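Text of the file model.cif, holding mmCIF, C-alpha atoms:
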```
data_upload
loop_
_atom_site.group_PDB
_atom_site.id
_atom_site.type_symbol
_atom_site.label_atom_id
_atom_site.label_comp_id
_atom_site.auth_asym_id
_atom_site.auth_seq_id
_atom_site.Cartn_x
_atom_site.Cartn_y
_atom_site.Cartn_z
ATOM 1 C CA MET V 17 14.222 -10.448 72.527
ATOM 2 C CA LEU V 18 10.500 -9.670 72.631
ATOM 3 C CA GLY V 19 11.127 -6.187 71.308
ATOM 4 C CA LYS V 20 13.843 -5.348 73.839
ATOM 5 C CA LEU V 21 17.377 -4.439 72.837
ATOM 6 C CA VAL V 22 19.573 -6.512 75.144
ATOM 7 C CA PRO V 23 23.331 -6.673 74.578
ATOM 8 C CA TYR V 24 24.887 -10.116 74.348
ATOM 9 C CA SER V 25 27.795 -10.115 76.777
ATOM 10 C CA SER V 26 28.608 -13.811 77.137
ATOM 11 C CA VAL V 27 31.691 -15.386 75.598
ATOM 12 C CA PRO V 28 30.673 -17.360 72.472
ATOM 13 C CA PHE V 29 31.363 -21.096 72.648
ATOM 14 C CA PHE V 30 30.603 -24.467 71.133
ATOM 15 C CA TRP V 31 31.199 -28.048 72.173
ATOM 16 C CA THR V 32 30.902 -31.202 70.116
ATOM 17 C CA ARG V 33 31.705 -34.874 70.513
ATOM 18 C CA HIS V 34 32.326 -37.313 67.659
ATOM 19 C CA TYR V 35 33.633 -40.863 67.840
ATOM 20 C CA ASN V 36 34.502 -40.403 71.530
ATOM 21 C CA LYS V 37 36.555 -37.266 70.776
ATOM 22 C CA SER V 38 35.586 -34.007 72.475
ATOM 23 C CA ILE V 39 36.208 -30.665 70.752
ATOM 24 C CA GLN V 40 35.559 -27.285 72.387
ATOM 25 C CA PHE V 41 35.928 -23.682 71.269
ATOM 26 C CA VAL V 42 35.484 -20.403 73.177
ATOM 27 C CA GLY V 43 35.850 -16.780 72.124
ATOM 28 C CA CYS V 44 36.147 -15.247 68.675
ATOM 29 C CA ASN V 45 38.756 -16.238 66.133
ATOM 30 C CA ASN V 46 37.962 -13.810 63.331
ATOM 31 C CA ASP V 47 40.763 -11.354 64.183
ATOM 32 C CA TYR V 48 43.686 -13.462 65.379
ATOM 33 C CA ALA V 49 47.299 -13.059 64.272
ATOM 34 C CA GLU V 50 48.681 -16.399 65.456
ATOM 35 C CA VAL V 51 47.773 -19.707 67.053
ATOM 36 C CA PHE V 52 49.866 -21.171 69.872
ATOM 37 C CA TYR V 53 49.429 -24.795 70.937
ATOM 38 C CA THR V 54 50.019 -26.381 74.333
ATOM 39 C CA GLY V 55 49.635 -30.063 75.094
ATOM 40 C CA ASP V 56 49.876 -33.038 72.766
ATOM 41 C CA VAL V 57 48.283 -32.407 69.366
ATOM 42 C CA ALA V 58 49.217 -35.870 68.044
ATOM 43 C CA GLY V 59 47.843 -37.425 71.240
ATOM 44 C CA GLN V 60 44.632 -35.403 70.755
ATOM 45 C CA LYS V 61 44.755 -33.574 74.109
ATOM 46 C CA PHE V 62 45.682 -29.931 73.588
ATOM 47 C CA VAL V 63 44.666 -26.278 73.744
ATOM 48 C CA ALA V 64 45.142 -23.872 70.832
ATOM 49 C CA TYR V 65 45.246 -20.219 71.896
ATOM 50 C CA TYR V 66 44.130 -17.656 69.292
ATOM 51 C CA ILE V 67 46.197 -14.493 69.880
ATOM 52 C CA ASP V 68 45.571 -11.155 68.180
ATOM 53 C CA SER V 69 48.092 -8.513 67.073
ATOM 54 C CA LYS V 70 47.765 -6.754 70.464
ATOM 55 C CA ASP V 71 48.883 -9.925 72.329
ATOM 56 C CA ARG V 72 45.361 -10.642 73.621
ATOM 57 C CA VAL V 73 43.971 -14.167 73.712
ATOM 58 C CA VAL V 74 40.725 -13.766 71.785
ATOM 59 C CA GLY V 75 39.774 -17.440 71.638
ATOM 60 C CA ALA V 76 40.836 -20.976 72.394
ATOM 61 C CA ALA V 77 40.128 -24.386 70.927
ATOM 62 C CA GLY V 78 40.729 -27.634 72.712
ATOM 63 C CA MET V 79 40.459 -31.323 72.211
ATOM 64 C CA ASN V 80 39.745 -33.660 75.124
ATOM 65 C CA ASN V 81 40.653 -30.831 77.506
ATOM 66 C CA SER V 82 37.325 -29.376 78.619
ATOM 67 C CA GLU V 83 38.502 -28.275 82.086
ATOM 68 C CA ALA V 84 41.127 -25.993 80.532
ATOM 69 C CA ILE V 85 38.658 -24.597 77.991
ATOM 70 C CA LEU V 86 36.056 -23.879 80.676
ATOM 71 C CA SER V 87 38.675 -22.031 82.731
ATOM 72 C CA ILE V 88 39.759 -20.025 79.678
ATOM 73 C CA MET V 89 36.151 -19.142 78.871
ATOM 74 C CA GLU V 90 35.594 -17.862 82.407
ATOM 75 C CA ALA V 91 38.925 -15.973 82.383
ATOM 76 C CA ILE V 92 37.918 -14.192 79.166
ATOM 77 C CA GLN V 93 34.502 -13.403 80.672
ATOM 78 C CA GLN V 94 36.074 -12.062 83.904
ATOM 79 C CA ASN V 95 38.776 -10.158 82.001
ATOM 80 C CA VAL V 96 41.597 -11.971 83.826
ATOM 81 C CA MET V 97 42.971 -13.806 80.790
ATOM 82 C CA PRO V 98 46.787 -13.483 80.622
ATOM 83 C CA ARG V 99 48.595 -12.044 77.611
ATOM 84 C CA GLY V 100 49.481 -14.372 74.753
ATOM 85 C CA SER V 101 53.198 -13.769 75.340
ATOM 86 C CA GLU V 102 52.884 -14.995 78.948
ATOM 87 C CA ILE V 103 51.339 -18.239 77.721
ATOM 88 C CA LYS V 104 53.967 -18.689 74.994
ATOM 89 C CA GLU V 105 56.790 -18.090 77.491
ATOM 90 C CA GLY V 106 55.320 -20.680 79.876
ATOM 91 C CA LYS V 107 54.669 -18.095 82.601
ATOM 92 C CA GLU V 108 50.948 -18.904 82.440
ATOM 93 C CA THR V 109 49.346 -22.328 81.968
ATOM 94 C CA ALA V 110 45.834 -23.736 81.951
ATOM 95 C CA GLN V 111 46.278 -24.462 85.668
ATOM 96 C CA THR V 112 47.378 -20.911 86.551
ATOM 97 C CA ILE V 113 44.454 -19.549 84.528
ATOM 98 C CA HIS V 114 42.114 -21.855 86.457
ATOM 99 C CA ASN V 115 43.611 -20.594 89.735
ATOM 100 C CA LYS V 116 43.058 -16.939 88.707
ATOM 101 C CA VAL V 117 39.424 -17.658 87.933
ATOM 102 C CA LYS V 118 38.916 -19.325 91.320
ATOM 103 C CA GLN V 119 40.578 -16.405 93.147
ATOM 104 C CA ASN V 120 38.241 -13.917 91.464
ATOM 105 C CA VAL V 121 35.378 -14.914 93.779
ATOM 106 C CA GLY V 122 32.109 -13.240 92.992
ATOM 107 C CA ALA V 123 33.079 -12.109 89.502
ATOM 108 C CA GLY V 124 30.847 -14.765 88.009
ATOM 109 C CA ARG V 125 27.717 -13.654 89.848
ATOM 110 C CA CYS V 126 24.569 -13.923 87.821
ATOM 111 C CA LYS V 127 23.469 -10.416 86.844
ATOM 112 C CA ARG V 128 20.003 -11.311 85.548
ATOM 113 C CA ALA V 129 17.113 -10.094 87.674
ATOM 114 C CA ASN V 130 15.307 -12.791 89.652
ATOM 115 C CA CYS V 131 17.561 -15.523 88.323
ATOM 116 C CA CYS V 132 19.625 -18.293 89.875
ATOM 117 C CA GLN V 133 21.501 -16.060 92.367
ATOM 118 C CA LYS V 134 24.790 -17.806 91.604
ATOM 119 C CA LYS V 135 27.297 -16.927 94.337
ATOM 120 C CA THR V 136 30.745 -17.908 93.053
ATOM 121 C CA VAL V 137 32.592 -19.388 90.102
ATOM 122 C CA ALA V 138 34.152 -22.862 89.842
#
```
As a first step, turn the structure in this file into structure tokens.
Amino acid sequence: MLGKLVPYSSVPFFWTRHYNKSIQFVGCNNDYAEVFYTGDVAGQKFVAYYIDSKDRVVGAAGMNNSEAILSIMEAIQQNVMPRGSEIKEGKETAQTIHNKVKQNVGAGRCKRANCCQKKTVA
């Protein structure tokens, strides 16, 4: 920006809302090996975890489940996201991911000079 080479280090995301339905996506899904769903797809409240061949969660999509998606986005950013196998086995859930993010106090500090001076996450 303005002639400076600045790396983009934030987790990519998008949110949209149509006909009172909320859809969110975080991460990158261009190199995933499988998709694992939790929640109620037919009831339109779920999270789809995009898992790569190394068992890493590289992205997540959700419908009407923004709290879970926000926690997943922060877990990816903080590098505390559990393995895909732990999620598939039920050892990790959206709530346990949220708890990990909250325990990692200070990891979400704003690193931009003279910015908002954010102290903690969640």
Box along x, y and z, 3 Å on every side, all listed atoms of range 25-39 of chain V inside: centre and edge lengths in Å to one decimal, as lines of an AutoDock Vina configuration file.
```
center_x = 32.2
center_y = -25.5
center_z = 72.4
size_x = 14.8
size_y = 36.7
size_z = 15.5
```
Might you spell out which residues the PyMOL selection byres ((chain V and resi 18-26) around 10) would select in the displayed file, as a PyMOL selection string? chain V and resi 17+27-29+43+89-90+92-93
Can you list what the PyMOL selection byres ((chain V and resi 116) around 10) grabs from this structure, as a PyMOL selection string? chain V and resi 87+90-91+94+96-98+110-115+117-121
For CA of Met79 in chain V and CA of Tyr53 in chain V, determine how far apart the two atoms are, in Å to one decimal place. 11.2 Å
I need the residue set behind the PyMOL selection byres ((chain V and resi 32) around 12) for this file; please write it as a ChimeraX atom specification. /V:29-31,33-41,77-80,82
Interatomic distance (Å, one decimal) between CA of Lys61 in chain V and CA of Asp47 in chain V: 24.7 Å
Separating CA of Gln60 in chain V from CA of Arg99 in chain V, to the nearest tenth of an Å, is a gap of 24.7 Å
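Among the candidate residues V:Asp71, V:Phe52, V:Ala76, V:Leu86, the one lying nearest to Lys104 in chain V is V:Phe52, with distances computed using all atoms listed in the file.
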Please identify all polymer residues within 8 Å of Asp68 in chain V, counting all atoms listed in the file, omitting same-chain residues fewer than 5 positions from it, and present them as an mmCIF file with C-alpha atoms, keeping the file's coordinate frame.
```cif
data_model
loop_
_atom_site.group_PDB
_atom_site.id
_atom_site.type_symbol
_atom_site.label_atom_id
_atom_site.label_comp_id
_atom_site.auth_asym_id
_atom_site.auth_seq_id
_atom_site.Cartn_x
_atom_site.Cartn_y
_atom_site.Cartn_z
ATOM 1 C CA ASP V 47 40.763 -11.354 64.183
ATOM 2 C CA TYR V 48 43.686 -13.462 65.379
ATOM 3 C CA ALA V 49 47.299 -13.059 64.272
ATOM 4 C CA GLU V 50 48.681 -16.399 65.456
ATOM 5 C CA VAL V 73 43.971 -14.167 73.712
ATOM 6 C CA VAL V 74 40.725 -13.766 71.785
#
```
Counting all atoms listed in the file, figure out which residue out of V:Ala64, V:Cys44, V:Ile88, V:Arg72 gets nearest to Gly100 in chain V.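 When distances to Gly100 in chain V are compared using all atoms listed in the file, the smallest one comes from V:Arg72.
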Check the smallest atom-to-atom distance from each of V:Asn81, V:Asn95, V:Thr54, V:Asn45 to Ile67 in chain V using all atoms listed in the file, then report the winner.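 Among the listed residues, V:Asn45 lies closest to Ile67 in chain V.
Across V:Val57, V:Val42, V:Phe62, V:Glu102, the tightest approach to Gly75 in chain V is made by V:Val42 when counting all atoms listed in the file.
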